[in-house]
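Next comes start-v6.txt, a file with compact mmCIF, C-alpha atoms.
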```
# COMPACT_ATOMS: atom_id res chain seq x y z
CA MET A 1206 1.26 30.29 -21.26
CA LYS A 1207 4.87 31.40 -21.44
CA ILE A 1208 4.58 32.86 -17.94
CA LEU A 1209 3.37 29.54 -16.56
CA PHE A 1210 6.37 27.84 -18.09
CA VAL A 1211 8.76 30.39 -16.57
CA ILE A 1212 7.09 30.03 -13.16
CA THR A 1213 7.50 26.28 -13.43
CA ILE A 1214 11.19 26.56 -14.20
CA VAL A 1215 11.77 29.06 -11.39
CA LEU A 1216 9.91 26.89 -8.89
CA LEU A 1217 11.92 23.91 -10.06
CA SER A 1218 15.19 25.66 -9.44
CA LEU A 1219 14.16 27.21 -6.11
CA SER A 1220 12.66 24.23 -4.46
CA THR A 1221 14.68 21.97 -2.26
CA LYS A 1222 14.66 19.05 -4.31
CA SER A 1223 11.24 12.42 -2.24
CA GLN A 1224 9.22 11.07 -3.46
CA GLU A 1225 8.08 11.02 -6.98
CA LEU A 1226 5.32 8.45 -7.17
CA TYR A 1227 2.78 11.18 -7.72
CA SER A 1228 -0.97 10.72 -7.61
CA GLN A 1229 -1.94 12.76 -10.66
CA THR A 1230 1.16 12.74 -12.84
CA GLU A 1231 3.99 10.38 -13.75
CA PRO A 1232 7.66 11.09 -12.93
CA ALA A 1233 10.52 10.77 -15.43
CA SER A 1234 11.68 7.57 -13.72
CA ASN A 1235 10.38 4.25 -14.97
CA ARG A 1236 9.64 0.81 -13.59
CA ALA A 1237 12.16 -1.97 -13.02
CA ILE A 1238 12.59 -4.21 -16.04
CA GLY A 1239 10.32 -7.24 -15.91
CA SER A 1240 8.05 -5.76 -13.25
CA ILE A 1241 4.28 -5.53 -13.45
CA GLY A 1242 2.22 -3.00 -11.56
CA LEU A 1243 -1.52 -3.20 -11.05
CA ARG A 1244 -3.32 0.00 -10.25
CA VAL A 1245 -6.92 0.92 -9.51
CA ASP A 1246 -7.71 4.59 -9.75
CA ASN A 1247 -11.01 5.72 -8.22
CA SER A 1248 -12.27 9.26 -8.31
CA ILE A 1249 -15.48 10.68 -6.97
CA MET A 1250 -16.15 14.04 -8.61
CA ASP A 1251 -18.93 16.52 -7.78
CA GLU A 1252 -20.82 17.87 -10.78
CA THR A 1253 -20.75 21.63 -10.61
CA TYR A 1254 -24.20 22.34 -12.11
CA THR A 1255 -26.16 19.42 -10.62
CA SER A 1256 -26.27 17.51 -7.37
CA LYS A 1257 -24.84 14.46 -9.12
CA THR A 1258 -21.60 12.73 -8.22
CA ASN A 1259 -19.52 11.04 -10.91
CA TYR A 1260 -17.59 7.92 -10.04
CA HIS A 1261 -14.70 7.08 -12.36
CA LEU A 1262 -12.94 3.73 -12.09
CA ILE A 1263 -9.72 3.19 -14.05
CA PRO A 1264 -7.95 -0.16 -13.61
CA GLU A 1265 -4.48 -0.13 -15.13
CA ILE A 1266 -1.65 -2.55 -15.78
CA MET A 1267 1.93 -1.32 -16.12
CA PHE A 1268 4.92 -3.13 -17.58
CA GLY A 1269 8.64 -2.37 -17.23
CA ILE A 1270 9.65 -3.37 -20.76
CA SER A 1271 13.26 -2.19 -20.54
CA LYS A 1272 15.17 -0.03 -18.12
CA LYS A 1273 14.14 2.96 -20.18
CA LEU A 1274 10.67 2.04 -21.44
CA LEU A 1275 7.40 1.70 -19.57
CA VAL A 1276 4.09 0.73 -21.13
CA ASN A 1277 0.76 1.09 -19.42
CA GLY A 1278 -2.76 0.11 -20.41
CA GLY A 1279 -5.94 1.29 -18.70
CA LEU A 1280 -9.70 0.91 -19.00
CA PHE A 1281 -12.24 3.64 -18.32
CA PHE A 1282 -15.45 3.02 -16.41
CA SER A 1283 -17.83 5.60 -15.01
CA ASN A 1284 -21.45 6.32 -14.05
CA ARG A 1285 -21.43 9.79 -15.58
CA THR A 1286 -24.04 8.79 -18.15
CA ASP A 1287 -26.44 7.54 -15.44
CA VAL A 1288 -25.45 3.91 -15.68
CA PHE A 1289 -22.07 2.58 -14.62
CA ARG A 1290 -20.43 1.26 -17.78
CA GLY A 1291 -17.17 0.83 -19.67
CA GLU A 1292 -16.38 3.89 -21.75
CA GLY A 1293 -13.02 3.07 -23.36
CA GLY A 1294 -9.35 2.76 -22.59
CA SER A 1295 -5.90 4.11 -23.18
CA LEU A 1296 -2.34 3.08 -23.90
CA TYR A 1297 0.51 5.05 -22.38
CA ALA A 1298 4.25 4.77 -22.98
CA LYS A 1299 7.15 6.61 -21.40
CA TYR A 1300 10.79 6.57 -22.49
CA ARG A 1301 13.51 7.83 -20.15
CA PHE A 1302 16.20 9.47 -22.24
CA LEU A 1303 18.28 11.20 -19.58
CA SER A 1304 19.42 9.95 -16.20
CA ASN A 1305 21.99 11.60 -13.95
CA ASP A 1306 22.20 9.49 -10.79
CA ALA A 1307 24.10 10.17 -7.62
CA VAL A 1308 23.66 8.80 -4.10
CA GLN A 1309 20.15 9.79 -2.91
CA LYS A 1310 19.54 12.06 -5.85
CA HIS A 1311 18.86 12.08 -9.55
CA PHE A 1312 17.83 14.28 -12.40
CA ARG A 1313 15.90 12.48 -15.11
CA MET A 1314 13.97 13.34 -18.22
CA ALA A 1315 11.51 11.30 -20.22
CA GLY A 1316 9.23 11.62 -23.20
CA PHE A 1317 5.73 10.18 -22.99
CA SER A 1318 2.65 9.68 -25.08
CA ARG A 1319 -0.88 8.53 -24.57
CA ILE A 1320 -3.57 7.40 -26.97
CA SER A 1321 -7.10 7.18 -25.65
CA TYR A 1322 -10.48 6.02 -26.81
CA ASN A 1323 -13.69 7.06 -25.16
CA ASN A 1324 -17.27 6.51 -26.28
CA SER A 1325 -19.07 8.82 -23.89
CA ASP A 1326 -20.64 12.13 -24.91
CA ILE A 1327 -18.46 15.23 -25.10
CA HIS A 1328 -19.63 17.37 -22.22
CA GLN A 1329 -16.92 19.93 -21.46
CA GLU A 1330 -14.32 22.16 -23.12
CA GLU A 1331 -11.53 20.68 -21.01
CA ILE A 1332 -9.69 17.94 -22.84
CA SER A 1333 -8.93 14.90 -20.67
CA LEU A 1334 -7.49 11.74 -22.14
CA TYR A 1335 -7.85 10.03 -18.76
CA GLY A 1336 -11.48 9.03 -18.94
CA HIS A 1337 -13.27 11.70 -21.00
CA ASN A 1338 -11.93 12.26 -24.51
CA SER A 1339 -10.58 10.21 -27.37
CA GLY A 1340 -7.28 11.60 -28.62
CA VAL A 1341 -3.51 11.66 -28.39
CA GLU A 1342 -1.00 13.31 -26.09
CA PHE A 1343 2.78 13.83 -26.36
CA GLY A 1344 4.96 15.40 -23.72
CA ILE A 1345 8.17 15.60 -21.77
CA VAL A 1346 8.73 15.37 -18.05
CA ALA A 1347 11.73 16.29 -15.90
CA THR A 1348 12.18 15.05 -12.32
CA GLN A 1349 14.69 16.08 -9.73
CA LEU A 1350 15.06 13.93 -6.64
CA LEU A 1351 17.10 15.14 -3.71
CA ARG A 1352 16.99 12.98 -0.63
CA LYS A 1353 13.45 13.26 0.78
CA VAL A 1354 11.96 15.64 -1.77
CA ALA A 1355 11.18 15.16 -5.45
CA VAL A 1356 10.03 17.86 -7.84
CA SER A 1357 8.67 17.04 -11.25
CA SER A 1358 7.33 19.12 -14.07
CA SER A 1359 5.81 18.22 -17.40
CA VAL A 1360 4.59 19.90 -20.55
CA SER A 1361 2.43 18.03 -23.02
CA PHE A 1362 0.45 18.63 -26.17
CA LEU A 1363 -3.05 17.15 -26.46
CA LYS A 1364 -5.25 16.64 -29.48
CA ALA A 1365 -8.83 15.56 -28.95
CA THR A 1366 -10.69 13.70 -31.66
CA ASP A 1367 -14.34 12.77 -31.90
CA ASN A 1368 -15.40 10.27 -29.28
CA GLY A 1369 -16.82 6.88 -30.18
CA ARG A 1370 -20.50 6.04 -30.70
CA GLY A 1371 -20.86 9.12 -32.93
CA ASN A 1372 -20.14 11.59 -30.13
CA LYS A 1373 -18.57 14.53 -31.95
CA PHE A 1374 -16.06 16.98 -30.51
CA PHE A 1375 -18.41 19.85 -31.30
CA TYR A 1376 -16.39 22.81 -29.98
CA GLY A 1377 -14.57 23.08 -33.30
CA LYS A 1378 -11.31 21.75 -34.67
CA ASP A 1379 -9.29 24.78 -33.54
CA LYS A 1380 -10.36 24.16 -29.93
CA SER A 1381 -9.43 20.48 -30.00
CA LYS A 1382 -5.75 21.18 -29.16
CA ALA A 1383 -4.41 22.04 -25.75
CA VAL A 1384 -1.23 22.18 -23.72
CA ASN A 1385 -1.01 20.72 -20.23
CA TYR A 1386 1.45 21.98 -17.63
CA THR A 1387 2.04 20.16 -14.38
CA LEU A 1388 4.22 20.74 -11.36
CA SER A 1389 4.40 18.09 -8.65
CA VAL A 1390 6.21 18.06 -5.35
CA GLY A 1391 6.47 15.04 -3.06
CA LYS A 1392 8.09 14.71 0.33
CA LEU A 1393 8.88 11.63 2.35
CA MET A 1394 7.53 12.26 5.88
CA LEU A 1395 8.02 8.87 7.51
CA PRO A 1396 10.05 6.92 8.35
CA LYS A 1397 12.67 9.36 9.53
CA ALA A 1398 15.32 6.75 8.88
CA TYR A 1399 15.07 3.52 6.90
CA ARG A 1400 15.75 0.26 8.65
CA ASP A 1401 14.00 -2.34 6.49
CA TYR A 1402 11.54 -2.86 3.65
CA ARG A 1403 8.59 -3.57 5.93
CA GLN A 1404 8.41 -0.07 7.32
CA THR A 1405 5.41 1.88 6.05
CA ASN A 1406 6.43 5.00 4.15
CA ILE A 1407 4.27 8.10 4.24
CA ASN A 1408 4.62 10.71 1.52
CA LEU A 1409 2.84 14.02 1.10
CA MET A 1410 2.16 15.26 -2.42
CA LEU A 1411 1.18 18.62 -3.80
CA GLU A 1412 0.45 18.96 -7.49
CA VAL A 1413 -0.54 21.86 -9.68
CA LEU A 1414 -2.32 20.84 -12.88
CA SER A 1415 -3.11 23.23 -15.65
CA GLN A 1416 -4.41 23.27 -19.21
CA VAL A 1417 -4.45 26.00 -21.83
CA ASN A 1418 -6.59 25.54 -24.93
CA MET A 1419 -4.62 26.47 -28.03
CA GLY A 1420 -7.66 27.62 -29.98
CA SER A 1421 -9.57 29.65 -27.41
CA GLY A 1422 -6.77 30.56 -25.01
CA LYS A 1423 -9.05 29.45 -22.15
CA TYR A 1424 -7.42 27.68 -19.24
CA PHE A 1425 -7.82 26.01 -15.89
CA VAL A 1426 -5.53 25.63 -12.89
CA ASP A 1427 -6.14 22.89 -10.31
CA VAL A 1428 -4.36 21.83 -7.20
CA ALA A 1429 -4.30 18.25 -5.92
CA HIS A 1430 -3.00 17.23 -2.54
CA SER A 1431 -2.65 13.71 -1.35
CA VAL A 1432 -1.19 11.50 1.30
CA GLN A 1433 0.47 8.31 0.18
CA PHE A 1434 1.23 5.12 2.10
CA ILE A 1435 3.73 2.59 0.81
CA PHE A 1436 3.38 -0.84 2.40
CA ASN A 1437 6.08 -3.47 2.52
CA SER A 1438 7.92 -1.64 -0.28
CA GLN A 1439 5.46 -3.20 -2.72
CA GLY A 1440 1.95 -1.80 -2.25
CA ARG A 1441 0.74 1.74 -2.39
CA LEU A 1442 -2.35 3.72 -1.34
CA ASP A 1443 -2.95 7.36 -2.29
CA ILE A 1444 -5.82 9.36 -0.84
CA GLY A 1445 -6.30 12.89 -2.07
CA TYR A 1446 -8.49 15.73 -3.22
CA ARG A 1447 -8.36 17.73 -6.43
CA LYS A 1448 -9.69 21.26 -6.44
CA GLU A 1449 -10.14 23.85 -9.13
CA LEU A 1450 -8.39 27.10 -8.37
CA SER A 1451 -9.29 29.04 -11.46
CA THR A 1452 -10.93 28.34 -14.82
CA THR A 1453 -12.23 29.98 -17.96
CA LEU A 1454 -12.84 26.60 -19.61
CA LEU A 1455 -16.23 24.94 -19.24
CA ARG A 1456 -15.81 21.94 -16.96
CA THR A 1457 -18.55 19.76 -15.51
CA ALA A 1458 -16.94 18.13 -12.46
CA PRO A 1459 -13.48 19.47 -11.62
CA ASN A 1460 -13.57 18.95 -7.85
CA GLY A 1461 -13.44 15.66 -6.08
CA ALA A 1462 -11.65 13.04 -4.05
CA PHE A 1463 -9.52 10.21 -5.36
CA VAL A 1464 -8.24 6.94 -3.98
CA ARG A 1465 -5.56 5.06 -5.86
CA LEU A 1466 -4.35 1.56 -5.04
CA GLU A 1467 -1.28 -0.02 -6.57
CA TYR A 1468 0.62 -3.26 -6.18
CA ASN A 1469 3.94 -4.20 -7.76
CA PHE A 1470 5.21 -7.60 -8.81
CA PHE A 1471 8.96 -7.55 -9.35
CA ASN A 1472 10.67 -9.94 -11.80
CA ALA A 1473 7.29 -11.00 -13.13
CA PHE A 1474 8.43 -11.65 -16.70
CA MET B 1203 55.29 -27.02 -25.89
CA LYS B 1204 56.92 -27.17 -22.50
CA ALA B 1205 56.82 -23.39 -22.25
CA LEU B 1206 53.14 -23.44 -23.14
CA PHE B 1207 52.52 -26.04 -20.48
CA ILE B 1208 54.32 -23.95 -17.88
CA LEU B 1209 52.37 -20.84 -18.92
CA PHE B 1210 49.16 -22.82 -18.64
CA ALA B 1211 50.17 -24.12 -15.25
CA ILE B 1212 50.98 -20.60 -14.04
CA THR B 1213 47.68 -19.23 -15.30
CA VAL B 1214 45.76 -22.00 -13.60
CA SER B 1215 47.66 -21.58 -10.38
CA MET B 1216 47.18 -17.79 -10.42
CA ALA B 1217 43.53 -18.23 -11.10
CA THR B 1218 43.09 -20.53 -8.18
CA LYS B 1219 45.14 -18.37 -5.85
CA ALA B 1220 42.32 -15.91 -5.30
CA GLN B 1221 38.59 -16.05 -4.98
CA VAL B 1222 35.74 -13.54 -4.81
CA THR B 1223 33.86 -14.06 -1.56
CA LYS B 1224 31.44 -11.14 -1.51
CA VAL B 1225 30.39 -8.01 -3.34
CA TYR B 1226 29.34 -4.80 -1.63
CA LEU B 1227 27.58 -2.35 -3.86
CA GLN B 1228 26.03 1.01 -3.36
CA ALA B 1229 23.20 2.05 -5.65
CA SER B 1230 22.47 5.63 -6.62
CA GLY B 1231 19.52 7.54 -7.96
CA LEU B 1232 17.03 6.49 -5.30
CA THR B 1233 15.73 7.26 -1.86
CA CYS B 1234 12.47 5.31 -1.55
CA SER B 1235 12.38 1.84 -0.08
CA MET B 1236 10.26 0.58 -3.03
CA CYS B 1237 13.14 1.44 -5.35
CA SER B 1238 15.63 -0.29 -3.10
CA ASN B 1239 13.36 -3.34 -2.94
CA ALA B 1240 13.30 -3.47 -6.74
CA ILE B 1241 17.10 -3.69 -6.81
CA ASN B 1242 17.17 -6.30 -4.05
CA LYS B 1243 14.66 -8.54 -5.85
CA ALA B 1244 16.49 -8.13 -9.15
CA LEU B 1245 19.84 -9.15 -7.61
CA LYS B 1246 18.25 -12.27 -6.11
CA THR B 1247 17.31 -13.56 -9.57
CA LEU B 1248 20.99 -14.11 -10.49
CA ASP B 1249 21.74 -17.83 -10.41
CA PHE B 1250 25.13 -17.41 -8.68
CA VAL B 1251 23.74 -15.17 -5.92
CA ASP B 1252 23.06 -16.91 -2.64
CA LYS B 1253 21.96 -14.05 -0.42
CA VAL B 1254 21.45 -10.29 -0.52
CA ASP B 1255 21.65 -8.35 2.73
CA GLU B 1256 20.51 -4.78 2.32
CA ASP B 1257 21.30 -1.74 4.32
CA VAL B 1258 18.23 0.31 3.34
CA LYS B 1259 19.52 3.40 5.08
CA ASN B 1260 22.75 3.56 3.12
CA TYR B 1261 21.48 2.08 -0.16
CA THR B 1262 24.09 -0.64 0.04
CA PHE B 1263 23.74 -4.35 -0.70
CA GLU B 1264 25.99 -7.12 0.58
CA ILE B 1265 25.88 -9.95 -1.93
CA SER B 1266 26.96 -13.51 -1.01
CA PHE B 1267 27.52 -16.18 -3.61
CA LYS B 1268 26.77 -19.85 -4.02
CA PRO B 1269 29.89 -22.00 -3.83
CA ASN B 1270 31.55 -23.12 -7.06
CA THR B 1271 29.64 -20.75 -9.30
CA GLN B 1272 30.86 -18.29 -11.90
CA ILE B 1273 30.45 -14.79 -10.49
CA ASP B 1274 29.73 -12.20 -13.14
CA PHE B 1275 30.28 -8.56 -12.14
CA ASP B 1276 28.67 -7.23 -15.30
CA LYS B 1277 25.48 -9.18 -14.64
CA ILE B 1278 25.31 -7.72 -11.12
CA LYS B 1279 25.75 -4.19 -12.44
CA ASN B 1280 23.18 -4.76 -15.18
CA LYS B 1281 20.57 -5.88 -12.64
CA VAL B 1282 20.89 -2.56 -10.82
CA GLU B 1283 20.65 -0.63 -14.08
CA ASN B 1284 17.67 -2.65 -15.27
CA ALA B 1285 15.87 -1.82 -12.06
CA GLY B 1286 16.27 1.80 -13.20
CA PHE B 1287 19.22 2.90 -11.07
CA SER B 1288 23.00 3.15 -11.12
CA VAL B 1289 25.94 1.67 -9.26
CA SER B 1290 28.01 4.26 -7.46
CA ARG B 1291 30.38 1.92 -5.62
CA PHE B 1292 31.24 -1.69 -6.36
CA VAL B 1293 33.63 -3.45 -3.99
CA ALA B 1294 34.56 -7.14 -4.26
CA ALA B 1295 35.97 -8.93 -1.25
CA VAL B 1296 38.66 -11.19 -2.62
CA GLN B 1297 40.53 -13.92 -0.78
CA PHE B 1298 44.13 -13.80 -1.93
CA TYR B 1299 46.73 -16.49 -1.38
CA ASN B 1300 50.10 -14.87 -1.93
CA VAL B 1301 49.27 -13.17 -5.21
CA GLN B 1302 51.93 -10.89 -6.57
CA VAL B 1303 50.96 -7.44 -7.80
CA ARG B 1304 53.49 -5.66 -9.95
CA GLY B 1305 52.60 -2.05 -10.72
CA ASN B 1306 49.46 -2.04 -12.81
CA GLY B 1307 50.34 -5.39 -14.36
CA PRO B 1308 47.42 -7.74 -14.80
CA VAL B 1309 46.40 -10.21 -12.08
CA THR B 1310 44.00 -12.98 -13.06
CA ILE B 1311 41.33 -14.02 -10.63
CA GLY B 1312 38.92 -16.65 -11.83
CA ASN B 1313 37.74 -15.53 -15.25
CA TYR B 1314 38.65 -11.91 -14.59
CA THR B 1315 41.84 -9.97 -14.95
CA PHE B 1316 42.43 -7.03 -12.65
CA SER B 1317 44.71 -4.12 -13.32
CA PHE B 1318 45.61 -2.42 -10.05
CA VAL B 1319 45.77 1.32 -10.75
CA ASN B 1320 47.39 2.21 -7.46
CA GLY B 1321 49.33 -1.01 -7.41
CA LYS B 1322 52.70 -1.06 -5.81
CA GLN B 1323 54.96 -4.04 -5.81
CA GLN B 1324 53.48 -6.37 -3.19
CA PHE B 1325 52.11 -9.80 -2.36
CA LEU B 1326 48.42 -9.89 -1.49
CA ASN B 1327 47.20 -12.22 1.23
CA GLY B 1328 43.96 -12.72 3.10
CA VAL B 1329 40.67 -11.03 2.25
CA GLN B 1330 41.18 -7.70 0.52
CA GLN B 1331 38.56 -5.29 -0.72
CA VAL B 1332 39.01 -4.46 -4.35
CA ARG B 1333 37.03 -1.58 -5.82
CA LEU B 1334 36.12 -1.61 -9.50
CA LEU B 1335 36.71 1.65 -11.31
CA ASP B 1336 35.33 1.06 -14.78
CA LYS B 1337 32.24 2.51 -16.41
CA GLY B 1338 29.02 1.55 -14.65
CA PHE B 1339 30.83 0.54 -11.45
CA VAL B 1340 31.45 4.08 -10.23
CA SER B 1341 29.41 7.28 -10.51
CA SER B 1342 29.46 8.86 -13.95
CA LYS B 1343 31.31 11.81 -12.46
CA GLU B 1344 34.07 9.61 -11.12
CA TYR B 1345 34.20 7.65 -14.36
CA LYS B 1346 34.76 10.82 -16.34
CA HIS B 1347 37.51 11.72 -13.93
CA ASN B 1348 39.19 8.30 -14.28
CA ALA B 1349 38.60 8.07 -18.02
CA PHE B 1350 39.56 4.44 -18.53
CA SER B 1351 39.06 2.95 -21.93
CA GLU B 1352 35.95 0.82 -22.29
CA THR B 1353 37.75 -1.65 -24.51
CA THR B 1354 39.54 -3.24 -21.58
CA ILE B 1355 36.27 -4.38 -20.02
CA ALA B 1356 35.35 -6.17 -23.21
CA ALA B 1357 38.63 -8.06 -22.87
CA GLY B 1358 37.69 -9.00 -19.30
CA VAL B 1359 40.21 -6.61 -17.72
CA TYR B 1360 38.93 -4.48 -14.85
CA HIS B 1361 40.65 -1.43 -13.46
CA VAL B 1362 40.63 -1.75 -9.69
CA SER B 1363 42.07 -0.14 -6.62
CA LEU B 1364 42.71 -1.69 -3.24
CA TYR B 1365 40.00 -0.53 -0.87
CA GLY B 1366 41.62 -1.63 2.38
CA LYS B 1367 41.62 -4.91 4.21
CA LEU B 1368 38.46 -6.33 5.79
```
Once more with this new file: its structure as structure tokens, please.
Amino acid sequence: MKILFVITIVLLSLSTKSQELYSQTEPASNRAIGSIGLRVDNSIMDETYTSKTNYHLIPEIMFGISKKLLVNGGLFFSNRTDVFRGEGGSLYAKYRFLSNDAVQKHFRMAGFSRISYNNSDIHQEEISLYGHNSGVEFGIVATQLLRKVAVSSSVSFLKATDNGRGNKFFYGKDKSKAVNYTLSVGKLMLPKAYRDYRQTNINLMLEVLSQVNMGSGKYFVDVAHSVQFIFNSQGRLDIGYRKELSTTLLRTAPNGAFVRLEYNFFNAF
Amino acid sequence: MKALFILFAITVSMATKAQVTKVYLQASGLTCSMCSNAINKALKTLDFVDKVDEDVKNYTFEISFKPNTQIDFDKIKNKVENAGFSVSRFVAAVQFYNVQVRGNGPVTIGNYTFSFVNGKQQFLNGVQQVRLLDKGFVSSKEYKHNAFSETTIAAGVYHVSLYGKL
């Protein structure tokens, strides 16, 4: 656990420090005040022990409340329990408390929290507040942007509770707490030089996502890579694949593809 | 009473002897065009702004104003900050008509008072670029280096330096 943290810090300091609109994590930067973002997150995950494929659909709405505060609400839908149905939702908030800006670079830090409700059955030891478990999460994220590369890392604490509809978290109270570590790198590939807002931007993202259960000490490490298109400086499309590298935690469907669509309305309120 | 009248007349005449024609600002803390677009759209919501021409490559914005409107530098700066970024350079193009600068003595332009930090005794004519040096108008590093008091801004006095003639 400690080692992971050290590795993260070392990688952060070594890497050449774009683009921080990551597919699987959030950067320390927030949205413009008064802007609204609409996002549709789709993931198609292969179940490890069956031939089934799980489709998760998460529509989200994001608000730039102030220059420092972002609030985001999402709904969870999936066909994991045989029929495609709504399973719950979550509220997410992020507060940027540090911002050191210079031309074409910044270092920023933010605190974030998520509260989720889910009414599906508990089916894995992994705790995920993004479409699987009810619970709360608190964390901090630091992001360094340097010209065309952005590196971001976060640490967060998660606490799973029983899910709705009487679905208990049956692994035991001591195994209901976990720590997530993430490291994300994004690089602007195109355009080579900006001329106007209509140019399509292409970013490549590489993210390492990890969880360590505080009760059992079991963990997983995943890698997610994605290609991102930004259209007209307002719309966004991410296409990627998440793959498990290593796990001791029981997980039902860690590998799969995702497609995320987003559109921003500036000065909306 | 007469003295007051003269003072009033001088103030009015000084105020009308110069006029802000454009603002050029550079934003910092961003590289992506979506970020730049957010700043551009935010600036366009200001009621005194007529047009924003962006240079996406250099993160600079050329702001033109509607005629006969009150231009508010603080509101411009706040729009950039509310979009989530910072101003690293803020230059106002000012049309001067024989305005006398004496050392760092105050010069009133519209509803603003400028204090020229590198001011030498001179008369200003034509369009001059005036760079604002107070907090939020320069990078935080430069601000720390300059270390001007924030109280002057509240009083409507801006520290500026001449940034060369257009």
Legend entry - Expected answer as a ChimeraX atom specification: chain A residues within 8 Å of chain B, all atoms listed in the file: /A:1223-1224,1234-1238,1271-1273,1305-1311,1350,1352-1353,1398-1402,1406,1435,1438-1439,1471-1472
Inset, instruction - To one decimal in Å, tell me the separation between CA of Ser1283 in chain A and CA of Asn1259 in chain A. - result: 7.0 Å
Inset, instruction - Between CA of Val1309 in chain B and CA of Thr1262 in chain B, measure the distance and give it in Å to one decimal. - result: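 CA of Val1309 in chain B sits 27.1 Å away from CA of Thr1262 in chain B.
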Legend entry - Counting all atoms listed in the file, the option among A:Tyr1227, A:Phe1312, A:Phe1268, A:Phe1374 closest to Asn1469 in chain A: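 For Asn1469 in chain A, the nearest of the given residues is A:Phe1268.
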Legend entry - Interatomic distance, CA of Gln1302 in chain B to CA of Arg1333 in chain B (Å, one decimal): 17.6 Å
Inset, instruction - Would you mind listing what lies within 6 Å of range 1313-1319 of chain B as a VMD selection string, with only C-alpha atoms counted and same-chain residues fewer than 6 positions away left out? - result: chain B and resid 1306 to 1307 1358 to 1363
Inset, instruction - Find the spatial neighbours of range 1338-1344 of chain A, counting all atoms listed in the file, within a cut-off of 6 Å - ignore same-chain residues fewer than 4 positions away - and output them as a list in words. - result: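 Once the adjacent positions are removed, what remains is Gly1316, Phe1317, Ser1318, Arg1319, Ile1320, Ser1321, Tyr1322, Asn1323, Ser1333, Leu1334, Val1360, Ser1361, Phe1362, Leu1363, Lys1364, Ala1365, Thr1366 and Asn1368 of chain A.
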Inset, instruction - With a distance cut-off of 7 Å and all atoms listed in the file, select the neighbouring residues of range 1320-1330 of chain B, excluding the residue or stretch itself and same-chain residues fewer than 3 positions from it, and output the selection as an MDAnalysis selection string. - result: chainID B and resid 1295:1306 1363 1366:1368
Inset, instruction - Pick out the residues sitting within 8 Å of Phe1282 in chain A, and hand them over as number ranges by chain; count only C-alpha atoms, and ignore anything fewer than 3 positions along from it in its own chain. - result: A: 1261-1263, 1289-1293, 1336
Inset, instruction - Pick out the residues sitting within 9 Å of Lys1392 in chain A, and hand them over as a PyMOL selection string; count all atoms listed in the file, and ignore anything fewer than 6 positions along from it in its own chain. - result: chain A and resi 1223-1225+1353-1356+1407-1411
